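Remarks on the structure that follows.
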Amino acid sequence: MSILQINASPRRGDANSTKLASQVSQRLQASHAGSSLTVRDLGEQPVTVLDETALGALFTPAEQRSANQAAVVAEYDALIAEVQSHDAIVLGVPMYNFGVPVQLKAWIDAIARAGVTFRYTENGPEGGFLGLTDVRFIYAEGLNMGPEAAAKGFAQAEADLAAAIG
């Protein structure tokens with residue numbers, strides 16, 4: 001099994017979401033002999049934001065792209081290839097201000113491309129918006145609400161992790 005771990009926190013290794021994602025990845029590795037792990041830290045290596053320039057690059061024929069446009073498309077293509085070449089994806093995602101960090105949103109924008117990772121049909125979108133079929137969530141909630149709440153949140157995450165992976 002090849003595992004891709006995406007860490008979305010700008011706090012990098014000190015982030016609770018990164019620590020939890022690493023535990024998930026370690027359990028997957030332990031349960032699948034010979035597995036490999038690739039870690040992409042979006043705080044350390046941010047993805048180019050999908051702005052007007054990047055969007056224009058995606059809609060410009062390859063032979064007409066400027067060097068900057070070609071670089072953006074190459075970056076996005078490499079991220080898509082990375083996702084497609086792994087069997088499992090582990091996302092370490094904190095919640096800031098009731099949402100995901102901009103680093104994760106930029107990554108999703110880069111890998112969700114019509115005609116490549118999904119397509120539109122007469123019946124609406126097809127391809128599971130990236131082809132993900134077995135999605136599981138492990139939550140660690142209340143971590144900033146004091147030591148007792150944090151301990152409870154980690155205990156619940158551990159129980160959920162054990163139930164999901166073993």
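Letters A, B, ... mark the chains of the structure tokens in the order given; residue numbers begin at 1 per chain; ligand numbers begin at 1, in order shown.
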
Per-residue nearest contacts of stretch 20-54 of chain A to stretch 109-117 of chain A (10 Å; only C-alpha atoms) as JSON lines:
{"residue": "A:Val47", "atom": "CA", "partner": "A:Ala110", "partner_atom": "CA", "distance": 7.7}
{"residue": "A:Thr48", "atom": "CA", "partner": "A:Ala110", "partner_atom": "CA", "distance": 8.0}
{"residue": "A:Val49", "atom": "CA", "partner": "A:Asp109", "partner_atom": "CA", "distance": 7.9}
{"residue": "A:Leu50", "atom": "CA", "partner": "A:Asp109", "partner_atom": "CA", "distance": 6.5}
{"residue": "A:Ala54", "atom": "CA", "partner": "A:Ala110", "partner_atom": "CA", "distance": 9.4}

Please identify the strand (DSSP E or B) residues within chain A (assignment by DSSP from backbone atoms) and present them as a list in words. Ser2, Ile3, Leu4, Gln5, Ile6, Asn7, Ser36, Leu37, Thr38, Val39, Arg40, Asp41, Ala88, Ile89, Val90, Leu91, Gly92, Tyr96, Gly99, Ala114, Phe118, Arg119, Tyr120, Thr121, Gly124, Pro125 and Glu126 of chain A

Tell me, which residues of stretch 44-114 of chain A carry DSSP alpha helix (DSSP H), written as a PDB file with N, CA and C atoms, in the first residue's frame?
ATOM      1  N   GLU A  52      -6.654  34.241 -10.942  1.00  0.00           N
ATOM      2  CA  GLU A  52      -6.960  34.497 -12.347  1.00  0.00           C
ATOM      3  C   GLU A  52      -5.846  33.997 -13.274  1.00  0.00           C
ATOM      4  N   THR A  53      -4.600  34.179 -12.869  1.00  0.00           N
ATOM      5  CA  THR A  53      -3.471  33.729 -13.686  1.00  0.00           C
ATOM      6  C   THR A  53      -3.440  32.209 -13.811  1.00  0.00           C
ATOM      7  N   ALA A  54      -3.607  31.527 -12.663  1.00  0.00           N
ATOM      8  CA  ALA A  54      -3.577  30.055 -12.680  1.00  0.00           C
ATOM      9  C   ALA A  54      -4.762  29.502 -13.456  1.00  0.00           C
ATOM     10  N   LEU A  55      -5.934  30.068 -13.247  1.00  0.00           N
ATOM     11  CA  LEU A  55      -7.117  29.618 -13.968  1.00  0.00           C
ATOM     12  C   LEU A  55      -6.943  29.833 -15.470  1.00  0.00           C
ATOM     13  N   GLY A  56      -6.396  30.980 -15.841  1.00  0.00           N
ATOM     14  CA  GLY A  56      -6.125  31.240 -17.252  1.00  0.00           C
ATOM     15  C   GLY A  56      -5.169  30.219 -17.842  1.00  0.00           C
ATOM     16  N   ALA A  57      -4.184  29.806 -17.068  1.00  0.00           N
ATOM     17  CA  ALA A  57      -3.209  28.806 -17.533  1.00  0.00           C
ATOM     18  C   ALA A  57      -3.896  27.489 -17.863  1.00  0.00           C
ATOM     19  N   LEU A  58      -4.857  27.093 -17.036  1.00  0.00           N
ATOM     20  CA  LEU A  58      -5.553  25.823 -17.261  1.00  0.00           C
ATOM     21  C   LEU A  58      -6.408  25.843 -18.523  1.00  0.00           C
ATOM     22  N   ALA A  67       5.708  30.855 -19.889  1.00  0.00           N
ATOM     23  CA  ALA A  67       6.528  30.039 -18.984  1.00  0.00           C
ATOM     24  C   ALA A  67       5.880  29.955 -17.602  1.00  0.00           C
ATOM     25  N   ASN A  68       5.335  31.070 -17.121  1.00  0.00           N
ATOM     26  CA  ASN A  68       4.663  31.065 -15.811  1.00  0.00           C
ATOM     27  C   ASN A  68       3.422  30.182 -15.827  1.00  0.00           C
ATOM     28  N   GLN A  69       2.635  30.266 -16.888  1.00  0.00           N
ATOM     29  CA  GLN A  69       1.440  29.432 -17.001  1.00  0.00           C
ATOM     30  C   GLN A  69       1.814  27.952 -17.063  1.00  0.00           C
ATOM     31  N   ALA A  70       2.845  27.636 -17.828  1.00  0.00           N
ATOM     32  CA  ALA A  70       3.292  26.247 -17.944  1.00  0.00           C
ATOM     33  C   ALA A  70       3.756  25.715 -16.590  1.00  0.00           C
ATOM     34  N   ALA A  71       4.401  26.559 -15.805  1.00  0.00           N
ATOM     35  CA  ALA A  71       4.885  26.139 -14.483  1.00  0.00           C
ATOM     36  C   ALA A  71       3.717  25.828 -13.542  1.00  0.00           C
ATOM     37  N   VAL A  72       2.680  26.643 -13.584  1.00  0.00           N
ATOM     38  CA  VAL A  72       1.508  26.395 -12.732  1.00  0.00           C
ATOM     39  C   VAL A  72       0.835  25.089 -13.126  1.00  0.00           C
ATOM     40  N   VAL A  73       0.618  24.886 -14.408  1.00  0.00           N
ATOM     41  CA  VAL A  73      -0.025  23.659 -14.868  1.00  0.00           C
ATOM     42  C   VAL A  73       0.844  22.444 -14.525  1.00  0.00           C
ATOM     43  N   ALA A  74       2.146  22.557 -14.670  1.00  0.00           N
ATOM     44  CA  ALA A  74       3.051  21.454 -14.315  1.00  0.00           C
ATOM     45  C   ALA A  74       2.956  21.142 -12.817  1.00  0.00           C
ATOM     46  N   GLU A  75       2.878  22.177 -11.988  1.00  0.00           N
ATOM     47  CA  GLU A  75       2.729  21.976 -10.539  1.00  0.00           C
ATOM     48  C   GLU A  75       1.430  21.225 -10.241  1.00  0.00           C
ATOM     49  N   TYR A  76       0.334  21.682 -10.811  1.00  0.00           N
ATOM     50  CA  TYR A  76      -0.961  21.048 -10.580  1.00  0.00           C
ATOM     51  C   TYR A  76      -0.976  19.616 -11.123  1.00  0.00           C
ATOM     52  N   ASP A  77      -0.395  19.409 -12.307  1.00  0.00           N
ATOM     53  CA  ASP A  77      -0.321  18.060 -12.885  1.00  0.00           C
ATOM     54  C   ASP A  77       0.464  17.116 -11.973  1.00  0.00           C
ATOM     55  N   ALA A  78       1.552  17.605 -11.389  1.00  0.00           N
ATOM     56  CA  ALA A  78       2.363  16.780 -10.491  1.00  0.00           C
ATOM     57  C   ALA A  78       1.576  16.420  -9.227  1.00  0.00           C
ATOM     58  N   LEU A  79       0.792  17.349  -8.712  1.00  0.00           N
ATOM     59  CA  LEU A  79      -0.022  17.064  -7.531  1.00  0.00           C
ATOM     60  C   LEU A  79      -1.095  16.021  -7.843  1.00  0.00           C
ATOM     61  N   ILE A  80      -1.717  16.138  -9.009  1.00  0.00           N
ATOM     62  CA  ILE A  80      -2.714  15.146  -9.432  1.00  0.00           C
ATOM     63  C   ILE A  80      -2.059  13.777  -9.576  1.00  0.00           C
ATOM     64  N   ALA A  81      -0.911  13.725 -10.228  1.00  0.00           N
ATOM     65  CA  ALA A  81      -0.200  12.455 -10.403  1.00  0.00           C
ATOM     66  C   ALA A  81       0.165  11.844  -9.050  1.00  0.00           C
ATOM     67  N   GLU A  82       0.558  12.693  -8.111  1.00  0.00           N
ATOM     68  CA  GLU A  82       0.909  12.210  -6.773  1.00  0.00           C
ATOM     69  C   GLU A  82      -0.300  11.551  -6.110  1.00  0.00           C
ATOM     70  N   VAL A  83      -1.451  12.199  -6.195  1.00  0.00           N
ATOM     71  CA  VAL A  83      -2.669  11.632  -5.608  1.00  0.00           C
ATOM     72  C   VAL A  83      -3.030  10.320  -6.300  1.00  0.00           C
ATOM     73  N   GLN A  84      -2.991  10.316  -7.616  1.00  0.00           N
ATOM     74  CA  GLN A  84      -3.386   9.134  -8.374  1.00  0.00           C
ATOM     75  C   GLN A  84      -2.436   7.960  -8.181  1.00  0.00           C
ATOM     76  N   VAL A 102      -6.319  27.674   4.407  1.00  0.00           N
ATOM     77  CA  VAL A 102      -6.211  28.036   2.996  1.00  0.00           C
ATOM     78  C   VAL A 102      -5.239  27.102   2.263  1.00  0.00           C
ATOM     79  N   GLN A 103      -4.259  26.575   2.973  1.00  0.00           N
ATOM     80  CA  GLN A 103      -3.297  25.661   2.345  1.00  0.00           C
ATOM     81  C   GLN A 103      -4.003  24.430   1.776  1.00  0.00           C
ATOM     82  N   LEU A 104      -4.974  23.893   2.520  1.00  0.00           N
ATOM     83  CA  LEU A 104      -5.705  22.722   2.037  1.00  0.00           C
ATOM     84  C   LEU A 104      -6.625  23.093   0.881  1.00  0.00           C
ATOM     85  N   LYS A 105      -7.276  24.223   0.986  1.00  0.00           N
ATOM     86  CA  LYS A 105      -8.163  24.664  -0.100  1.00  0.00           C
ATOM     87  C   LYS A 105      -7.387  24.838  -1.403  1.00  0.00           C
ATOM     88  N   ALA A 106      -6.194  25.391  -1.322  1.00  0.00           N
ATOM     89  CA  ALA A 106      -5.366  25.560  -2.526  1.00  0.00           C
ATOM     90  C   ALA A 106      -5.007  24.200  -3.126  1.00  0.00           C
ATOM     91  N   TRP A 107      -4.706  23.217  -2.270  1.00  0.00           N
ATOM     92  CA  TRP A 107      -4.361  21.866  -2.740  1.00  0.00           C
ATOM     93  C   TRP A 107      -5.568  21.228  -3.421  1.00  0.00           C
ATOM     94  N   ILE A 108      -6.741  21.345  -2.802  1.00  0.00           N
ATOM     95  CA  ILE A 108      -7.956  20.784  -3.399  1.00  0.00           C
ATOM     96  C   ILE A 108      -8.245  21.440  -4.744  1.00  0.00           C
ATOM     97  N   ASP A 109      -8.111  22.761  -4.812  1.00  0.00           N
ATOM     98  CA  ASP A 109      -8.326  23.463  -6.083  1.00  0.00           C
ATOM     99  C   ASP A 109      -7.364  22.969  -7.164  1.00  0.00           C
ATOM    100  N   ALA A 110      -6.148  22.627  -6.764  1.00  0.00           N
ATOM    101  CA  ALA A 110      -5.142  22.168  -7.727  1.00  0.00           C
ATOM    102  C   ALA A 110      -5.440  20.770  -8.251  1.00  0.00           C
ATOM    103  N   ILE A 111      -5.990  19.904  -7.396  1.00  0.00           N
ATOM    104  CA  ILE A 111      -6.188  18.509  -7.825  1.00  0.00           C
ATOM    105  C   ILE A 111      -7.593  18.219  -8.345  1.00  0.00           C
TER     106      ILE A 111
END
